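Asks: One structure coming up, written as structure tokens, with questions to follow.
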Amino acid sequence: MIPAARAPLGLRRRIVAAFTEHLSLKASAVLLAMAMWFVVAAREPMEDVASVRFAPVLDSALVLRDPTPPIRAQVLGRPNEILKLTQTPLIIRRQIAGDAPDTLVLPLRTSDVEVPAGVEVIVRDVFPHSLTLRFEPTSTRRVPVRSAIMVRAPVGMPAVPVRLDPDSVTVRGPRLAVARVRFVSTLPDSIALDTIAHLVDLDTAGLGVVVQPTQVKVMFPRVLP
């Protein structure tokens, strides 16, 4: 009976010893195993979702009506590489011409996403897969004025340059019509060379926009003594 009573007691002692003896060595082993796990995990590629900045290069006639919705990309890379994207985010650039429609749908592809230099990740997907841009239907911009004035000068005198004041005007109206106006010309006229500033009208017929001002001054920097 005595041996039978001692057996459970010895087993209990061995179990207690397993958890209480050499605690410092066991703790060091656990910490070392955890450190090794973190090192391996930091080198192991993982998938994550990162923000993408949209940077459209717009024609001067275009004005976005609404802010663009957030864009995300699914990326594959080491955790430390993905972490770099918080400081230097992914980016999508798009050149958009002035003749774009008022509502433009842009497809988004993984090849559109630019990865910053020095960051080693692979873009696996981008969402949404398309982006809807809405532009203001009207716009305003400055365009140059061109002279259609014929200067009447003495025979044999070199060509005399014409100075216009102002040399640019404001055009305002439907966005596509404004985008088509590259310059506004004066009405054809013939003016004798002198020191007087002449007021001439601008040729606004058929432009489909409002031009301000509608007249400019014509002056000659070099005149007869």
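Residue numbering restarts at 1 for every chain of the structure tokens, chains are lettered A, B, ... in their displayed order, and ligands are numbered from 1 as they appear.
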Determine, using only C-alpha atoms, which residues of region 113-142 of chain A have any atom at most 10 Å from an atom of region 205-224 of chain A, and tabulate each with its shortest atom pair and distance in Å to one decimal place, rows ordered by chain and then rising number, as a tab-separated table.

Replies:
residue	atom	partner	partner_atom	distance
A:Ser139	CA	A:Val209	CA	10.0
A:Thr140	CA	A:Val210	CA	9.4
A:Arg142	CA	A:Val211	CA	9.6

Asks: Between A:Val52, A:Leu104, A:Val169, A:Leu193, which has the minimum distance to Pro70 (chain A) (counting only C-alpha atoms)?

Replies: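 For Pro70 (chain A), the nearest of the candidates is A:Val52.
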
Asks: For Leu85 (chain A), list every protein, DNA or RNA residue within 9 Å, evaluated using only C-alpha atoms, and leave out those in the same chain fewer than 5 positions away; present the list as a VMD selection string.

Replies: chain A and resid 50 to 51 90 115 to 116 119

Asks: Can you write just those residues out, N, CA and C atoms, as a PDB file, in the first residue's frame?

Replies:
ATOM      1  N   ALA A  50      -3.407  49.155 -49.423  1.00  0.00           N
ATOM      2  CA  ALA A  50      -2.759  50.456 -49.259  1.00  0.00           C
ATOM      3  C   ALA A  50      -3.540  51.525 -50.009  1.00  0.00           C
ATOM      4  N   SER A  51      -3.460  52.749 -49.521  1.00  0.00           N
ATOM      5  CA  SER A  51      -4.121  53.880 -50.181  1.00  0.00           C
ATOM      6  C   SER A  51      -3.363  54.271 -51.449  1.00  0.00           C
ATOM      7  N   LEU A  90       1.341  55.074 -52.920  1.00  0.00           N
ATOM      8  CA  LEU A  90       1.156  54.750 -54.331  1.00  0.00           C
ATOM      9  C   LEU A  90       0.431  55.904 -55.011  1.00  0.00           C
ATOM     10  N   VAL A 115       4.525  52.709 -58.214  1.00  0.00           N
ATOM     11  CA  VAL A 115       5.128  52.367 -56.923  1.00  0.00           C
ATOM     12  C   VAL A 115       6.290  53.319 -56.674  1.00  0.00           C
ATOM     13  N   PRO A 116       6.347  53.962 -55.505  1.00  0.00           N
ATOM     14  CA  PRO A 116       7.442  54.907 -55.238  1.00  0.00           C
ATOM     15  C   PRO A 116       8.811  54.238 -55.337  1.00  0.00           C
ATOM     16  N   VAL A 119      10.640  51.348 -52.899  1.00  0.00           N
ATOM     17  CA  VAL A 119       9.653  50.497 -52.242  1.00  0.00           C
ATOM     18  C   VAL A 119       9.456  49.244 -53.098  1.00  0.00           C
TER      19      VAL A 119
END

Asks: Excluding Arg141 (chain A) and its own-chain neighbours fewer than 5 positions away, which residues fall within 9 Å of it when counting only C-alpha atoms? Please give them as a PyMOL selection string.

Replies: chain A and resi 60-61+169-172+178-179

Asks: Rank nothing, just name the residue among A:Pro188, A:Pro154, A:Pro128, A:Pro144 nearest to Ser168 (chain A), using only C-alpha atoms.

Replies: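 Among the listed residues, A:Pro144 lies closest to Ser168 (chain A).
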
Asks: Would you kindly return, as a ChimeraX atom specification, each protein, DNA or RNA residue with an atom no farther than 12 Å from any atom of Phe127 (chain A), considering only C-alpha atoms and excluding same-chain residues fewer than 5 positions away?

Replies: /A:49-52,69-75,107-110,112-113

Asks: Using the chain letters and numbers from this document, which residues of region 32-118 of chain A does DSSP assign to alpha helix (DSSP H), as a list in words?

Replies: Leu32, Ala33, Met34, Ala35, Met36, Trp37, Phe38, Val39, Val40, Ala41, Ala42, Arg43, Pro79, Asn80, Glu81, Ile82, Leu83 and Lys84 of chain A

Asks: Of the residues A:Asp203, A:Asp167, A:Glu44, A:Glu81, which is the one nearest to Ile122 (chain A), using only C-alpha atoms?

Replies: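 When distances to Ile122 (chain A) are compared using only C-alpha atoms, the smallest one comes from A:Glu81.
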
Asks: Using only C-alpha atoms, can you tell me which of A:Leu131, A:Ala148, A:Leu64, A:Ala55 comes closest to Glu114 (chain A)?

Replies: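 The closest residue to Glu114 (chain A) is A:Ala55.
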
Asks: Using only C-alpha atoms, which residue out of A:Asp102, A:Asp201, A:Asp189, A:Asp66 lies closest to Pro137 (chain A)?

Replies: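 Of A:Asp102, A:Asp201, A:Asp189, A:Asp66, the one nearest Pro137 (chain A) is A:Asp102, counting only C-alpha atoms.
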